[in-house]
Amino acid sequence: MSHFIDRRLNGRNKSAVNRGRFIRRYKSQLKRLVADAVGRRSITDMDSGEKVGIPSKDVSEPVFHHSQGGTREMVHPGNKEFLPGDRIERPEGDGGSGSGQGSASESGQGEDDFVFELSREEFMDLLFDDLELPNLVRNQLIGTTELKPVRAGFTTDGAPSAIDVVRSLKGAIARRTALGAPHRARIRELEEEIDVLLTVGVDEDDARILDMREEIDRLETRLSALPFIDTFDLRYQAFAQRPEPTSKAVMLCIMDVSGSMDRIRKNLAKRFFILLYLFLKRNYKKIDVVFVRHHTIAQEVDEQEFFYSRETGGTVVSSALNLAYDLLRERYDSNVWNIYCAQASDGDNWDSDSTICREILNEKLMPLMRYYAYVEITPRQHQSLWLAYQEVKALHPNFAMQEIADAQDIYPVFRELFKRQEA
Amino acid sequence: MTDRLISDSSEWSFSLLERFDTEIARIAQGVYALDTYANQIEVISSEQMIDAYSSVGLPINYHHWSFGKQFVAMEQTYRRGQMGLAYEIVINSDPCIAYLMEENSLPMQALVIAHACYGHNSFFKGNYLFRTWTNADAIIDYLVFARKYIAECEERYGEEEVELLLDSCHALMNHGVDRYKRPAPLTMAEEQKRQEEREAYLQSQINDLWRTLPISTEEACNNGQERWPDEPQENLLYFIEKNAPLLDHWQREVVRIVRKIGQYFYPQRQTQVMNEGWATFWHYTLLNHLYDEGLVCDGFMIEFLQSHTNVVMQPPFDAPHYHGINPYALGFSMMRDIRRICEEPTEEDHYWFPDIAGRNWLQVLDFAMRNFKDESFIAQYLSPRLMRELHLFAIRDDDREDTLEITAIHEEAGYRTLRQALADQYNLGNREPNVQVFNVDRRGDRSLTLRHFQHNRRPLGETTEEMLRHIRHLWGFTTRLESLDEQGRVQLVGEC
């Protein structure tokens, strides 16, 4: 009368919708947590989810319940030495053994966090949420590397569209040669014999010669019956799925660290660099990231210093561009490496330096670049650097620049880059 | 003897499960006369178990973020290995659906079959609370209806809107039962048919209620001494569903759905000790019977007993992992104790339980299962001997005094006090604050006044303000909450 059902093959993700709703509900909190996490993490370490905690107070669902106070009588097991009428001290705090039973949600006070793990997809979603990434781009970034079919020799089976004509015909010739070989050898043999007989003066109508001619005819018919091409000869191109691509890229991050770049701007810049990094990550197997910071002089630093140390002083952008050029020449041959550069600055520069920057970019750097993205994080009027860069932009389609007031302005810088990839 | 063995492997297979089920059913029905619904036993993976768990154990439910939260929490603790999953989930429906997890070994599966499919199942079918409050043959249909209805509402009125409404309803889920009336049975077809009629009719009624208002005058306001409703109403959700002035018909229907589902869980909240005790008692008895018949081997029993003892473990109050009284332990001990009283009564038992000592234990247990809930079950059957075994003691915490007082221990003078104290502890009325609809200012600003009837001077917790916001959201007008203490003084707790 019992009925057994195997449900293991049914969907597992019945709760996906509810999970999604939970995350949507706490989106603003989660976004803050994700932003914090991004601050803590290195640019190259964006490939995992994140453990986040929301105060349990915020996620609890209220019900009417009693609080401490009044009189209550509780029964507990395990009495050892108590006698009726004994008086004992009230246990400290919430009462280790005190609040035994009762609904579990009562313990929801306290500062405990409701901790759980965001998956990588959810993490990225929240990270990109205000960047206004088009969905397609978002999916590209979040998604795992796509598999590209690559040639993997030939097979004897496949779709008609994948027939390799040359290969198939070569095979056909070989087959015809091989199958016809004994017949042709025999024909040659017979003809030689006929020649011999004719030279010794045997009559053309001699029965032996006639027999041999007949055999030659028969053999020739058989030769001509060999099919020109047979299904047996067909060869198809074989494709294997291989993750794309395999080449290498280097990403140069250049940032102004003069006093005016405060924490908030640096965080914006970081998002900007992350976006480029993620884009590259999707396209290249090996990525080097080089950090160059500058005020009046430029320095190659590690990521920690790049984002978190603070310098003061004037700003000479060309110093960074020169250093970048030197680094590239030394370490990254543009024939082997795809070179991308992202620069963030508040736009301050020595006036006379801006033309120098333009020259360096036009003459030296841009020819090496796959893409150069510049963001200016400034609330003020543009200065000479912006104007100089506009001239660069006019000359080079792979140069993008944008003024950033907040995070959603970042994506347009890369629009061109992503668009080309979509095509 | 050994050739009767069902299997000595710990790997399960469907044929072995069926074999076990057949044997257990034979014993449960033939030897112990357990009356059960038909069983539908579903084998699922651990992820599916987490899924099932997080929608409050229902096989199908509407979507809501709180279930997502539950899911996230479960997944987290499970993955960290902080908690094993429950071995089973069983649903009070006809046929009774029970889930087995594929990861379990054969002895565990047999345990679950005995526990859920014959223990819980017979309890669902027999206990008066379940018979009164739930309709096993209709619940799945109703859930299907609810899910569809709420999905439609989301489409029509927006997820956000529905979510806010559900939040407010969930907050009042425990206040959706009219304890003194038997609810009408639900079936899907009827429900759907009636729902439309209800929509139109109800809406007209609500309007009617307010339409009769004369233009409010000073006089009318002042001498509006008579309250409405005449009697305080404890079923807050029902009251809101029927009387909230501004709710749309679909909102009323959603309130109703939450109320009905809350009502479905109402018996479970009141029979935890009995239900688990009963199921544990029967898996213990049934599997031991299998062993006695030589159907299972020693290894099987060792594994079974290991998890059984884990389940019924009761740490003393001063142990670090003490979390109150374990309902499995208490229930199981009481069931066993009743059997003992029937089979081997002592002098003491004859004095305390003259009507059951020495009687047929099967009949006594069956009667107990059918006609009690935790509170009354404990008040009726907790024996002095068990109190001694468990070393129970009662302790009183009065905030007017600096120290706690031990009021009773497991000795002759304390048995009755102790038993009453433990029974009270399971009285839903004491556990949950008693909040009722007290008055609606029909002639004035339509404000709703709730009254909290204090018990032992216990105040309401810190969620009260938020609760008021939820109720206000449903009611649509000012909502206030008063507290009535035992001296009859009324105090305003909050207004929203």
# chains A, B, ... in the order shown; residues from 1 in each chain; ligands from 1
>>> interface_residues(of="chain A", to="chain B", cutoff="6 Å", atoms="only C-alpha atoms", output="MDAnalysis selection string")
chainID A and resid 2:8 12 15 18:19 21:22 62:63 65:67 69:79 84:90 100:101
>>> residues_around(residues="Leu323 (chain A)", least_positions_apart="2", cutoff="9 Å", atoms="only C-alpha atoms", output="JSON, numbers by chain")
{"A": [292, 298, 299, 300, 318, 319, 320, 321, 325, 326, 327, 328]}
>>> write_last_selection(atoms="C-alpha atoms", output="PDB file, in the first residue's frame")
ATOM      1  CA  VAL A 292      51.891  52.623 -12.103  1.00  0.00           C
ATOM      2  CA  ALA A 298      55.987  57.840 -11.482  1.00  0.00           C
ATOM      3  CA  GLN A 299      56.609  54.546  -9.792  1.00  0.00           C
ATOM      4  CA  GLU A 300      55.686  50.964 -10.371  1.00  0.00           C
ATOM      5  CA  SER A 318      53.890  62.393 -18.603  1.00  0.00           C
ATOM      6  CA  SER A 319      56.142  60.822 -15.995  1.00  0.00           C
ATOM      7  CA  ALA A 320      53.723  57.917 -15.775  1.00  0.00           C
ATOM      8  CA  LEU A 321      53.352  57.603 -19.511  1.00  0.00           C
ATOM      9  CA  TYR A 325      56.438  53.065 -22.206  1.00  0.00           C
ATOM     10  CA  ASP A 326      59.712  51.944 -20.713  1.00  0.00           C
ATOM     11  CA  LEU A 327      58.059  49.061 -18.942  1.00  0.00           C
ATOM     12  CA  LEU A 328      56.364  47.928 -22.104  1.00  0.00           C
TER      13      LEU A 328
END
>>> residues_around(residues="region 182-194 of chain A", least_positions_apart="3", cutoff="10 Å", atoms="only C-alpha atoms", output="list in words")
Thr177, Ala178, Leu179, Leu197, Leu198, Thr199, Val200, Val202, Glu204, Arg208, Ile209, Leu210, Met212, Arg213, Glu215, Ile216, Asp217, Arg218, Leu219, Glu220, Arg222 and Leu223 of chain A
>>> write_last_selection(atoms="C-alpha atoms", output="short mmCIF file (atom, residue, chain, number, x, y, z; two decimals), in the first residue's frame")
data_model
loop_
_atom_site.label_atom_id
_atom_site.label_comp_id
_atom_site.auth_asym_id
_atom_site.auth_seq_id
_atom_site.Cartn_x
_atom_site.Cartn_y
_atom_site.Cartn_z
CA THR A 177 44.66 3.68 -57.33
CA ALA A 178 44.77 0.95 -54.79
CA LEU A 179 41.73 -0.94 -56.00
CA LEU A 197 53.23 -12.68 -79.68
CA LEU A 198 52.78 -10.06 -82.42
CA THR A 199 56.52 -9.61 -82.81
CA VAL A 200 57.00 -13.37 -83.25
CA VAL A 202 51.34 -14.54 -84.49
CA GLU A 204 46.10 -10.71 -84.95
CA ARG A 208 45.10 -16.51 -77.79
CA ILE A 209 45.35 -12.85 -78.74
CA LEU A 210 41.59 -12.55 -79.03
CA MET A 212 43.71 -11.73 -74.13
CA ARG A 213 42.08 -8.73 -75.74
CA GLU A 215 40.27 -10.10 -70.90
CA ILE A 216 41.76 -6.63 -71.27
CA ASP A 217 38.33 -5.32 -72.21
CA ARG A 218 36.81 -6.97 -69.22
CA LEU A 219 39.45 -5.55 -66.92
CA GLU A 220 39.01 -2.10 -68.38
CA ARG A 222 35.99 -3.17 -64.17
CA LEU A 223 38.41 -0.31 -63.84
#
>>> closest_residue(among="A:Tyr236, A:Phe272, A:Phe279, A:Phe307", to="Arg40 (chain A)", atoms="only C-alpha atoms")
A:Phe307
>>> select_by_dssp(residues="region 321-481 of chain B", states="alpha helix (DSSP H)", output="ChimeraX atom specification")
/B:327-343,347-352,361-371,374-381,384-390,415-425,428-431,464-475
>>> atom_distance(atom1="CA of Gly119 (chain B)", atom2="CA of Gly57 (chain B)")
17.5 Å
>>> residues_around(residues="Gln272 (chain B)", least_positions_apart="6", cutoff="10 Å", atoms="only C-alpha atoms", output="number ranges by chain")
B: 278, 326-328, 331, 373-374, 426
>>> write_last_selection(atoms="N, CA and C atoms", output="compact mmCIF listing (two decimals), in the first residue's frame")
# COMPACT_ATOMS: atom_id res chain seq x y z
N TRP B 278 5.46 9.81 20.10
CA TRP B 278 4.70 8.71 19.50
C TRP B 278 5.50 8.08 18.36
N ASN B 326 14.13 18.23 25.56
CA ASN B 326 14.06 17.63 24.23
C ASN B 326 12.72 16.93 24.06
N PRO B 327 11.89 17.42 23.14
CA PRO B 327 10.55 16.84 23.01
C PRO B 327 10.59 15.35 22.64
N TYR B 328 11.59 14.95 21.87
CA TYR B 328 11.73 13.52 21.53
C TYR B 328 11.96 12.71 22.80
N GLY B 331 8.78 12.89 25.13
CA GLY B 331 7.67 12.14 24.54
C GLY B 331 7.92 10.65 24.55
N LYS B 373 -3.43 16.82 23.79
CA LYS B 373 -2.34 17.61 23.22
C LYS B 373 -1.27 17.70 24.29
N ASP B 374 -0.13 18.29 23.95
CA ASP B 374 1.01 18.25 24.87
C ASP B 374 0.63 18.61 26.29
N TYR B 426 3.86 23.93 28.19
CA TYR B 426 3.46 23.57 26.83
C TYR B 426 2.11 24.15 26.43
>>> residues_around(residues="Gly494 (chain B)", least_positions_apart="3", cutoff="10 Å", atoms="only C-alpha atoms", output="list in words")
Leu450, Thr464, Glu465, Leu468, Thr479, Arg480, Leu481, Glu482, Ser483 and Gln491 of chain B
>>> residues_around(residues="Val165 (chain A)", least_positions_apart="4", cutoff="10 Å", atoms="only C-alpha atoms", output="list of chain:residue names")
A:Leu169, A:Lys170, A:Gly171, A:Leu234, A:Arg235, A:Tyr236, A:Gln237
>>> atom_distance(atom1="CA of Lys125 (chain B)", atom2="CA of Leu237 (chain B)")
27.1 Å
>>> atom_distance(atom1="CA of Gln380 (chain B)", atom2="CA of Met274 (chain B)")
12.4 Å
>>> closest_residue(among="A:Val316, A:Ile287, A:Met46, A:Ala269", to="Met124 (chain A)", atoms="only C-alpha atoms")
A:Met46
>>> closest_residue(among="A:Leu275, A:Val196, A:Ala240, A:Ala324", to="Met255 (chain A)", atoms="only C-alpha atoms")
A:Ala324
>>> closest_residue(among="A:Asp409, A:Glu61, A:Glu311, A:Asp256", to="Phe291 (chain A)", atoms="only C-alpha atoms")
A:Asp256
